[in-house]
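Printed here is data.tsv (TSV, C-alpha atoms and all ligand atoms):
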```
chain	number	residue	atom	x	y	z
A	1	MET	CA	29.49	-27.63	-12.29
A	2	LEU	CA	30.59	-29.38	-15.49
A	3	ARG	CA	34.12	-28.67	-16.62
A	4	PHE	CA	35.33	-28.84	-20.21
A	5	ASN	CA	38.66	-28.30	-21.86
A	6	ARG	CA	38.73	-25.26	-24.09
A	7	ALA	CA	39.25	-26.03	-27.79
A	8	ASN	CA	41.54	-23.70	-29.70
A	9	LYS	CA	38.63	-22.78	-31.96
A	10	THR	CA	35.51	-20.60	-31.96
A	11	TRP	CA	32.22	-20.84	-33.83
A	12	TRP	CA	30.16	-17.67	-34.30
A	13	ARG	CA	32.52	-16.07	-31.73
A	14	LYS	CA	31.59	-18.80	-29.28
A	15	PRO	CA	34.57	-20.60	-27.74
A	16	LEU	CA	34.18	-24.32	-28.28
A	17	ALA	CA	34.75	-27.15	-25.83
A	18	ILE	CA	36.49	-30.47	-26.30
A	19	PHE	CA	34.08	-33.18	-25.27
A	20	ARG	CA	34.68	-36.91	-25.75
A	21	GLY	CA	37.26	-36.13	-28.41
A	22	ARG	CA	35.01	-33.76	-30.34
A	23	THR	CA	35.00	-29.97	-30.67
A	24	ILE	CA	31.48	-28.69	-29.94
A	25	PRO	CA	29.64	-25.86	-28.16
A	26	ALA	CA	29.15	-26.40	-24.43
A	27	GLU	CA	25.37	-26.59	-25.00
A	28	LEU	CA	25.76	-29.74	-27.11
A	29	ALA	CA	28.18	-31.24	-24.60
A	30	VAL	CA	25.63	-30.67	-21.83
A	31	LEU	CA	22.91	-32.16	-24.06
A	32	SER	CA	24.97	-35.36	-24.41
A	33	THR	CA	25.43	-35.65	-20.66
A	34	GLU	CA	21.72	-35.02	-20.02
A	35	LEU	CA	20.04	-37.44	-22.41
A	36	LYS	CA	18.73	-40.65	-20.88
A	37	PRO	CA	18.29	-43.75	-23.09
A	38	ASP	CA	14.61	-43.09	-23.91
A	39	GLU	CA	15.04	-39.40	-24.54
A	40	SER	CA	15.81	-37.21	-27.52
A	41	GLY	CA	16.83	-33.61	-27.36
A	42	ALA	CA	17.99	-30.54	-29.24
A	43	TRP	CA	19.64	-27.17	-28.66
A	44	LEU	CA	17.16	-24.43	-29.53
A	45	ASN	CA	19.89	-21.98	-30.52
A	46	SER	CA	17.36	-19.12	-30.79
A	47	ARG	CA	16.06	-19.85	-34.30
A	48	GLY	CA	12.43	-20.55	-33.77
A	49	LEU	CA	10.71	-23.50	-32.15
A	50	ALA	CA	10.26	-25.81	-35.14
A	51	SER	CA	13.78	-27.22	-35.22
A	52	GLY	CA	16.86	-27.64	-33.05
A	53	VAL	CA	20.56	-28.35	-33.36
A	54	VAL	CA	21.80	-31.82	-32.43
A	55	ASP	CA	25.37	-31.71	-33.67
A	56	LEU	CA	28.14	-29.68	-35.18
A	57	MET	CA	29.75	-31.27	-38.22
A	58	ASN	CA	32.77	-30.63	-40.35
A	59	VAL	CA	31.65	-30.61	-43.99
A	60	GLY	CA	34.50	-30.08	-46.43
A	61	GLY	CA	36.43	-27.98	-43.91
A	62	GLU	CA	33.37	-25.90	-43.00
A	63	THR	CA	31.57	-26.15	-39.71
A	64	LYS	CA	27.86	-26.83	-40.17
A	65	THR	CA	25.07	-27.54	-37.75
A	66	ALA	CA	23.01	-30.69	-37.92
A	67	ARG	CA	19.46	-29.51	-37.34
A	68	ILE	CA	16.39	-31.70	-36.84
A	69	PRO	CA	12.70	-30.78	-36.94
A	70	LEU	CA	11.15	-31.00	-33.49
A	71	PRO	CA	8.12	-33.29	-33.07
A	72	ASP	CA	4.90	-31.27	-33.40
A	73	CYS	CA	3.91	-31.95	-29.81
A	74	VAL	CA	7.25	-30.52	-28.59
A	75	THR	CA	6.92	-27.36	-30.68
A	76	GLU	CA	3.37	-26.98	-29.43
A	77	SER	CA	4.45	-27.28	-25.79
A	78	LEU	CA	7.14	-24.64	-26.31
A	79	ARG	CA	4.63	-22.26	-27.91
A	80	LYS	CA	2.30	-22.78	-24.95
A	81	ILE	CA	5.09	-21.81	-22.54
A	82	LEU	CA	5.78	-18.55	-24.42
A	83	ALA	CA	2.06	-17.77	-24.58
A	84	ALA	CA	1.69	-18.38	-20.84
A	85	ALA	CA	4.72	-16.15	-20.16
A	86	GLN	CA	3.45	-13.54	-22.64
A	87	LEU	CA	6.86	-13.44	-24.26
A	88	ARG	CA	8.15	-14.02	-27.78
A	89	LYS	CA	11.45	-15.62	-26.78
A	90	GLY	CA	13.43	-16.82	-23.80
A	91	ILE	CA	12.89	-20.60	-23.86
A	92	PRO	CA	15.87	-22.34	-22.17
A	93	ASP	CA	18.70	-23.67	-24.33
A	94	LEU	CA	17.87	-27.35	-24.45
A	95	VAL	CA	14.59	-29.13	-24.96
A	96	ILE	CA	14.52	-32.84	-24.16
A	97	TRP	CA	11.56	-35.04	-24.88
A	98	ASP	CA	10.38	-38.53	-24.29
A	99	ALA	CA	8.30	-39.29	-27.39
A	100	PRO	CA	6.10	-42.13	-26.09
A	101	ALA	CA	5.19	-40.22	-22.95
A	102	LYS	CA	4.73	-36.96	-24.88
A	103	SER	CA	6.53	-35.14	-22.07
A	104	ILE	CA	9.23	-32.49	-22.30
A	105	ARG	CA	11.81	-31.03	-19.96
A	106	LEU	CA	14.03	-28.00	-20.39
A	107	VAL	CA	17.63	-27.25	-19.51
A	108	GLU	CA	19.26	-23.84	-19.32
A	109	VAL	CA	23.01	-24.02	-19.94
A	110	LYS	CA	24.98	-21.33	-18.13
A	111	CYS	CA	28.58	-20.42	-17.67
A	112	PRO	CA	28.71	-18.27	-14.53
A	113	HIS	CA	31.86	-16.57	-15.84
A	114	TRP	CA	29.88	-15.13	-18.75
A	115	ASP	CA	26.18	-15.05	-18.28
A	116	ARG	CA	23.42	-14.51	-15.79
A	117	PRO	CA	19.68	-15.07	-16.36
A	118	THR	CA	18.01	-12.20	-18.20
A	119	SER	CA	14.74	-10.76	-16.92
A	120	GLU	CA	12.98	-12.62	-19.76
A	121	GLN	CA	14.46	-15.89	-18.58
A	122	GLU	CA	13.39	-15.22	-14.99
A	123	ILE	CA	9.79	-14.89	-16.25
A	124	ILE	CA	10.13	-18.12	-18.26
A	125	PHE	CA	11.53	-19.98	-15.22
A	126	GLU	CA	8.59	-18.77	-13.17
A	127	THR	CA	6.16	-19.84	-15.92
A	128	LEU	CA	7.73	-23.31	-16.09
A	129	ARG	CA	7.27	-23.67	-12.33
A	130	ARG	CA	3.64	-22.62	-12.71
A	131	LEU	CA	3.02	-25.05	-15.59
A	132	GLN	CA	4.90	-27.77	-13.70
A	133	ILE	CA	7.22	-28.43	-16.61
A	134	PRO	CA	10.50	-29.88	-15.30
A	135	PHE	CA	13.52	-27.70	-15.92
A	136	LYS	CA	16.96	-27.19	-14.52
A	137	VAL	CA	20.00	-25.00	-14.89
A	138	VAL	CA	23.28	-26.75	-15.67
A	139	GLU	CA	26.41	-24.70	-15.03
A	140	TRP	CA	29.69	-25.31	-16.80
A	141	GLU	CA	33.07	-23.67	-17.13
A	142	PHE	CA	36.34	-24.13	-18.96
A	143	ILE	CA	38.88	-25.93	-16.81
A	144	GLU	CA	41.48	-23.16	-17.27
A	145	ASP	CA	39.04	-20.51	-16.01
A	146	ALA	CA	38.43	-22.50	-12.85
A	147	HIS	CA	42.13	-22.45	-12.01
A	148	SER	CA	43.42	-19.25	-13.53
A	149	ALA	CA	42.01	-16.73	-11.08
A	150	PRO	CA	43.73	-16.18	-7.77
A	151	SER	CA	41.17	-16.32	-5.00
A	152	THR	CA	42.80	-13.75	-2.80
A	153	PHE	CA	45.10	-10.73	-2.79
A	154	GLU	CA	48.38	-11.27	-4.55
A	155	PHE	CA	50.18	-9.02	-2.03
A	156	LYS	CA	49.52	-8.88	1.69
A	157	GLU	CA	50.15	-5.11	1.68
A	158	ASP	CA	47.18	-4.71	-0.69
A	159	ARG	CA	44.87	-6.51	1.69
A	160	ASP	CA	46.13	-4.34	4.56
A	161	PHE	CA	45.68	-1.23	2.44
A	162	PHE	CA	42.05	-2.03	1.66
A	163	LYS	CA	41.34	-3.08	5.22
A	164	ARG	CA	42.54	0.34	6.40
A	165	LEU	CA	40.61	2.07	3.62
A	166	ILE	CA	37.32	0.26	4.21
A	167	CYS	CA	37.04	-0.99	7.79
A	168	GLN	CA	36.31	0.87	10.96
A	169	ASP	CA	38.42	0.01	14.03
A	170	GLY	CA	37.96	-3.62	15.02
A	171	GLU	CA	35.68	-4.39	12.07
A	172	SER	CA	36.28	-7.63	10.16
A	173	PHE	CA	37.45	-7.26	6.58
A	174	ASP	CA	35.89	-10.61	5.59
A	175	ARG	CA	32.45	-9.13	4.97
A	176	TYR	CA	33.95	-6.81	2.34
A	177	LEU	CA	35.73	-9.52	0.36
A	178	GLN	CA	32.77	-9.65	-2.06
A	179	LEU	CA	33.93	-6.25	-3.31
A	180	PHE	CA	36.89	-8.04	-4.89
A	181	ASP	CA	37.26	-10.41	-7.82
A	182	PHE	CA	40.76	-11.17	-9.07
A	183	ARG	CA	39.83	-12.81	-12.35
A	184	SER	CA	40.83	-11.25	-15.64
A	185	PRO	CA	39.31	-7.75	-16.05
A	186	ILE	CA	38.29	-8.79	-19.58
A	187	VAL	CA	36.09	-11.58	-18.21
A	188	LYS	CA	34.67	-9.30	-15.50
A	189	ARG	CA	33.98	-6.53	-18.02
A	190	LYS	CA	32.20	-8.98	-20.32
A	191	GLU	CA	30.00	-10.22	-17.48
A	192	PHE	CA	29.30	-6.65	-16.45
A	193	ASN	CA	28.36	-5.52	-19.96
A	194	ALA	CA	25.92	-8.41	-20.31
A	195	ARG	CA	24.10	-7.24	-17.17
A	196	ARG	CA	24.66	-3.49	-17.45
A	197	ARG	CA	21.09	-2.45	-18.28
A	198	GLY	CA	19.51	-4.59	-15.59
A	199	LEU	CA	22.00	-3.36	-12.99
A	200	LEU	CA	21.31	0.28	-13.87
A	201	ALA	CA	17.57	-0.28	-13.49
A	202	MET	CA	18.14	-2.05	-10.18
A	203	LEU	CA	20.27	0.80	-8.80
A	204	GLN	CA	17.78	3.45	-9.92
A	205	LEU	CA	15.02	1.51	-8.23
A	206	LYS	CA	17.00	1.19	-5.00
A	207	HIS	CA	18.59	4.63	-4.72
A	208	GLY	CA	16.39	6.93	-6.79
A	209	ARG	CA	17.85	8.84	-9.67
A	210	GLY	CA	20.59	10.97	-8.11
A	211	CYS	CA	24.31	10.49	-8.71
A	212	MET	CA	25.92	8.73	-5.74
A	213	LEU	CA	29.49	9.87	-6.44
A	214	ALA	CA	28.57	13.59	-6.51
A	215	TYR	CA	32.05	15.04	-7.17
A	216	PRO	CA	31.74	18.78	-6.47
A	217	GLY	CA	32.07	20.90	-9.60
A	218	THR	CA	31.85	17.81	-11.84
A	219	CYS	CA	28.55	16.19	-11.02
A	220	ASP	CA	25.69	16.81	-13.41
A	221	ASP	CA	22.64	14.54	-13.51
A	222	ALA	CA	21.89	15.89	-17.00
A	223	SER	CA	24.99	14.06	-18.31
A	224	GLY	CA	23.08	10.77	-18.05
A	225	PHE	CA	23.68	7.79	-15.78
A	226	SER	CA	25.79	4.70	-15.65
A	227	VAL	CA	26.83	2.00	-13.20
A	228	ASP	CA	30.16	2.62	-11.51
A	229	HIS	CA	32.39	0.24	-9.56
A	230	ILE	CA	33.37	1.52	-6.09
A	231	ILE	CA	36.53	-0.59	-6.25
A	232	PRO	CA	37.52	-0.35	-9.93
A	233	LEU	CA	37.62	-3.58	-11.95
A	234	SER	CA	41.29	-2.87	-12.46
A	235	SER	CA	43.66	-0.17	-11.23
A	236	ASN	CA	47.36	0.56	-11.07
A	237	VAL	CA	47.02	2.76	-7.98
A	238	LEU	CA	48.53	0.20	-5.59
A	239	ASN	CA	51.35	-0.71	-7.93
A	240	LYS	CA	52.23	2.98	-7.96
A	241	ARG	CA	51.56	3.87	-4.33
A	242	LEU	CA	52.69	0.78	-2.45
A	243	ARG	CA	55.29	-0.70	-4.74
A	244	ALA	CA	56.47	2.34	-6.72
A	245	LEU	CA	56.41	0.12	-9.80
A	246	ALA	CA	57.99	1.82	-12.78
A	247	PRO	CA	56.15	1.84	-16.11
A	248	LYS	CA	57.59	-0.02	-19.08
A	249	PRO	CA	58.84	2.42	-21.74
A	250	GLY	CA	55.92	4.14	-23.46
A	251	LYS	CA	53.37	2.42	-21.21
A	252	LYS	CA	51.40	3.21	-18.10
A	253	VAL	CA	52.20	1.44	-14.83
A	254	GLU	CA	50.71	-2.05	-15.03
A	255	ALA	CA	47.20	-2.44	-13.60
A	256	GLN	CA	45.92	-5.18	-11.29
A	257	SER	CA	42.54	-6.85	-11.28
A	258	LEU	CA	40.67	-5.72	-8.15
A	259	GLY	CA	36.93	-4.94	-8.06
A	260	SER	CA	33.95	-7.27	-8.46
A	261	ASN	CA	30.55	-6.94	-10.13
A	262	HIS	CA	28.87	-7.73	-6.81
A	263	PRO	CA	25.97	-5.35	-6.00
A	264	LEU	CA	27.86	-4.12	-2.90
A	265	ASN	CA	30.52	-2.74	-5.25
A	266	LEU	CA	28.15	-0.94	-7.63
A	267	VAL	CA	26.81	2.60	-7.46
A	268	LEU	CA	24.68	4.83	-9.64
A	269	ALA	CA	26.84	7.59	-11.09
A	270	CYS	CA	26.23	10.42	-13.50
A	271	ASN	CA	28.37	10.12	-16.62
A	272	ASN	CA	30.45	13.17	-15.63
A	273	CYS	CA	31.44	11.66	-12.26
A	274	ASN	CA	31.92	8.22	-13.80
A	275	GLY	CA	34.33	9.71	-16.33
A	276	HIS	CA	36.13	11.62	-13.59
A	277	LYS	CA	36.55	8.65	-11.23
A	278	LYS	CA	37.78	6.09	-13.80
A	279	HIS	CA	40.35	3.84	-12.07
A	280	ARG	CA	40.70	6.07	-9.00
A	281	LEU	CA	39.95	4.95	-5.47
A	282	LEU	CA	37.55	6.86	-3.25
A	283	ASP	CA	38.60	8.33	0.09
A	284	TRP	CA	37.60	6.66	3.36
A	285	GLY	CA	34.59	8.86	4.13
A	286	LYS	CA	33.00	8.57	0.69
A	287	LEU	CA	33.70	4.86	0.49
A	288	ARG	CA	32.11	4.19	3.88
A	289	GLU	CA	29.07	6.25	2.95
A	290	LEU	CA	28.49	4.34	-0.31
A	291	LEU	CA	29.06	0.92	1.25
A	292	LYS	CA	26.56	1.77	3.95
A	293	LEU	CA	23.96	2.82	1.35
A	294	ASN	CA	24.52	-0.43	-0.56
A	295	ALA	CA	24.37	-2.64	2.51
A	296	ASP	CA	21.03	-1.18	3.68
B	1	ZN	ZN	27.74	12.84	-10.48
```

Go ahead and render the structure in this file as structure tokens.
Ligand SMILES: [Zn+2]
Amino acid sequence: MLRFNRANKTWWRKPLAIFRGRTIPAELAVLSTELKPDESGAWLNSRGLASGVVDLMNVGGETKTARIPLPDCVTESLRKILAAAQLRKGIPDLVIWDAPAKSIRLVEVKCPHWDRPTSEQEIIFETLRRLQIPFKVVEWEFIEDAHSAPSTFEFKEDRDFFKRLICQDGESFDRYLQLFDFRSPIVKRKEFNARRRGLLAMLQLKHGRGCMLAYPGTCDDASGFSVDHIIPLSSNVLNKRLRALAPKPGKKVEAQSLGSNHPLNLVLACNNCNGHKKHRLLDWGKLRELLKLNAD
């Protein structure tokens, strides 16, 4: 995992990294670290296969990209990959070539806090394997993100509460820790939204099309379906129940970050039940039933 300092600046809503004294997108920082002396490379930046970005420049106070045309043989190789994959897009972020050898390799740049491979990219990865074109995934994160999230429960009473809620007598709580993720709910929500459609399809495939929450009197499959978190991404239930925390004037009681986007924590819910559950916790019986369905 590469780690960069976060610059206090964004570009097309993309947070920029500080790399060797410069402020650039993580993709270009990874490109710099990847290039060997005989190689050239560019960030494809989803604008066709004829050119790529090699730098970000400050021109008269404006941020501009330095774009170069790709050698014809590189463009041709990229087109062949898409044709073999029967897709129109999805080529990894970076293309690197060695001109004399006429060979290319590809690098996908990922920040696990934000993105996961799309189904298109999975097909492309498979195609690259088939065509024996070298590629790799390079992961990176901002240094602050690596340190900002607590890795365990802030309060011991919370851990005990969930152990009682989830575990049967004598059962270890460790196997359920993947239900929890204590990073900022904003980051978790962003990651979730990026994968929402794929997760919904996955749940429908696994569990059929019925609502798994099934609140009596509320449930209605005709309301449509969404993905629901068994342990909510954030909730103030424990602050209220265990600590009797008082709200600040005019506000609700402060919420904590709790649930994860791990498949064990996700269920298929009709929109009525999803709207009803919100940040609530399920009772022991329902929780056990759903966890068992997800573990199978
Ligand atoms: Zn329902």

Using all atoms listed in the file, which residues of chain A come within 12 Å of ligand ZN 1 (chain B), and what is the closest atom pair for each, with the distance in Å to one decimal? Give it as JSON lines, sorted by chain and residue number.
```
{"residue": "A:Arg209", "atom": "CA", "partner": "B:ZN1", "partner_atom": "ZN", "distance": 10.7}
{"residue": "A:Gly210", "atom": "CA", "partner": "B:ZN1", "partner_atom": "ZN", "distance": 7.8}
{"residue": "A:Cys211", "atom": "CA", "partner": "B:ZN1", "partner_atom": "ZN", "distance": 4.5}
{"residue": "A:Met212", "atom": "CA", "partner": "B:ZN1", "partner_atom": "ZN", "distance": 6.5}
{"residue": "A:Leu213", "atom": "CA", "partner": "B:ZN1", "partner_atom": "ZN", "distance": 5.3}
{"residue": "A:Ala214", "atom": "CA", "partner": "B:ZN1", "partner_atom": "ZN", "distance": 4.1}
{"residue": "A:Tyr215", "atom": "CA", "partner": "B:ZN1", "partner_atom": "ZN", "distance": 5.9}
{"residue": "A:Pro216", "atom": "CA", "partner": "B:ZN1", "partner_atom": "ZN", "distance": 8.2}
{"residue": "A:Gly217", "atom": "CA", "partner": "B:ZN1", "partner_atom": "ZN", "distance": 9.2}
{"residue": "A:Thr218", "atom": "CA", "partner": "B:ZN1", "partner_atom": "ZN", "distance": 6.6}
{"residue": "A:Cys219", "atom": "CA", "partner": "B:ZN1", "partner_atom": "ZN", "distance": 3.5}
{"residue": "A:Asp220", "atom": "CA", "partner": "B:ZN1", "partner_atom": "ZN", "distance": 5.3}
{"residue": "A:Asp221", "atom": "CA", "partner": "B:ZN1", "partner_atom": "ZN", "distance": 6.2}
{"residue": "A:Ala222", "atom": "CA", "partner": "B:ZN1", "partner_atom": "ZN", "distance": 9.3}
{"residue": "A:Ser223", "atom": "CA", "partner": "B:ZN1", "partner_atom": "ZN", "distance": 8.4}
{"residue": "A:Gly224", "atom": "CA", "partner": "B:ZN1", "partner_atom": "ZN", "distance": 9.1}
{"residue": "A:Phe225", "atom": "CA", "partner": "B:ZN1", "partner_atom": "ZN", "distance": 8.4}
{"residue": "A:Ser226", "atom": "CA", "partner": "B:ZN1", "partner_atom": "ZN", "distance": 9.8}
{"residue": "A:Val227", "atom": "CA", "partner": "B:ZN1", "partner_atom": "ZN", "distance": 11.2}
{"residue": "A:Asp228", "atom": "CA", "partner": "B:ZN1", "partner_atom": "ZN", "distance": 10.6}
{"residue": "A:Val267", "atom": "CA", "partner": "B:ZN1", "partner_atom": "ZN", "distance": 10.7}
{"residue": "A:Leu268", "atom": "CA", "partner": "B:ZN1", "partner_atom": "ZN", "distance": 8.6}
{"residue": "A:Ala269", "atom": "CA", "partner": "B:ZN1", "partner_atom": "ZN", "distance": 5.4}
{"residue": "A:Cys270", "atom": "CA", "partner": "B:ZN1", "partner_atom": "ZN", "distance": 4.2}
{"residue": "A:Asn271", "atom": "CA", "partner": "B:ZN1", "partner_atom": "ZN", "distance": 6.7}
{"residue": "A:Asn272", "atom": "CA", "partner": "B:ZN1", "partner_atom": "ZN", "distance": 5.8}
{"residue": "A:Cys273", "atom": "CA", "partner": "B:ZN1", "partner_atom": "ZN", "distance": 4.3}
{"residue": "A:Asn274", "atom": "CA", "partner": "B:ZN1", "partner_atom": "ZN", "distance": 7.1}
{"residue": "A:Gly275", "atom": "CA", "partner": "B:ZN1", "partner_atom": "ZN", "distance": 9.4}
{"residue": "A:His276", "atom": "CA", "partner": "B:ZN1", "partner_atom": "ZN", "distance": 9.0}
{"residue": "A:Lys277", "atom": "CA", "partner": "B:ZN1", "partner_atom": "ZN", "distance": 9.8}
```

Looking at A:Asp296, A:Asp283, A:Glu39, A:Glu171, which one is nearest to A:Ala99, with distances taken over only C-alpha atoms?
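Under the stated criterion, the closest residue is A:Glu39.
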
With the cut-off set at 12 Å and counting all atoms listed in the file, tabulate each residue of stretch 253-276 of chain A with an atom at most that distance from an atom of stretch 149-165 of chain A, showing the nearest atom pair and its distance in Å to one decimal, ordered by chain and increasing number, as a tab-separated table.
```
residue	atom	partner	partner_atom	distance
A:Gln256	CA	A:Glu154	CA	9.4
A:Ser257	CA	A:Phe153	CA	9.7
A:Leu258	CA	A:Phe153	CA	8.6
A:Gly259	CA	A:Phe153	CA	11.3
```

Of the listed residues A:Val138, A:Lys252, A:Glu76, A:Leu282, that which approaches A:Pro112 most closely, counting only C-alpha atoms
A:Val138

With distances taken over only C-alpha atoms, which of A:Ile24, A:Leu203, A:Leu131, A:Leu281 is nearest to A:Ser77?
A:Leu131

To one decimal in Å, tell me the separation between atom CA of A:Trp140 and atom CA of A:Arg22.
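Between atom CA of A:Trp140 and atom CA of A:Arg22 the gap is 16.8 Å.
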
Take atom CA of A:Thr127 and atom CA of A:Trp97 and report the distance between them in Å, one decimal.
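Interatomic distance here is 18.5 Å.
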
Can I get the residues of stretch 145-207 of chain A within 10 Å of stretch 286-289 of chain A, each with the closest pair of atoms and their distance in Å to one decimal, using only C-alpha atoms, sorted chain first then ascending number, as CSV?
```
residue,atom,partner,partner_atom,distance
A:Leu165,CA,A:Leu287,CA,8.1
A:Ile166,CA,A:Arg288,CA,6.5
A:Cys167,CA,A:Arg288,CA,8.2
A:Gln168,CA,A:Arg288,CA,8.9
```

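Atom pair atom CA of A:Thr10 / atom CA of A:Ile124: separated by 28.9 Å.
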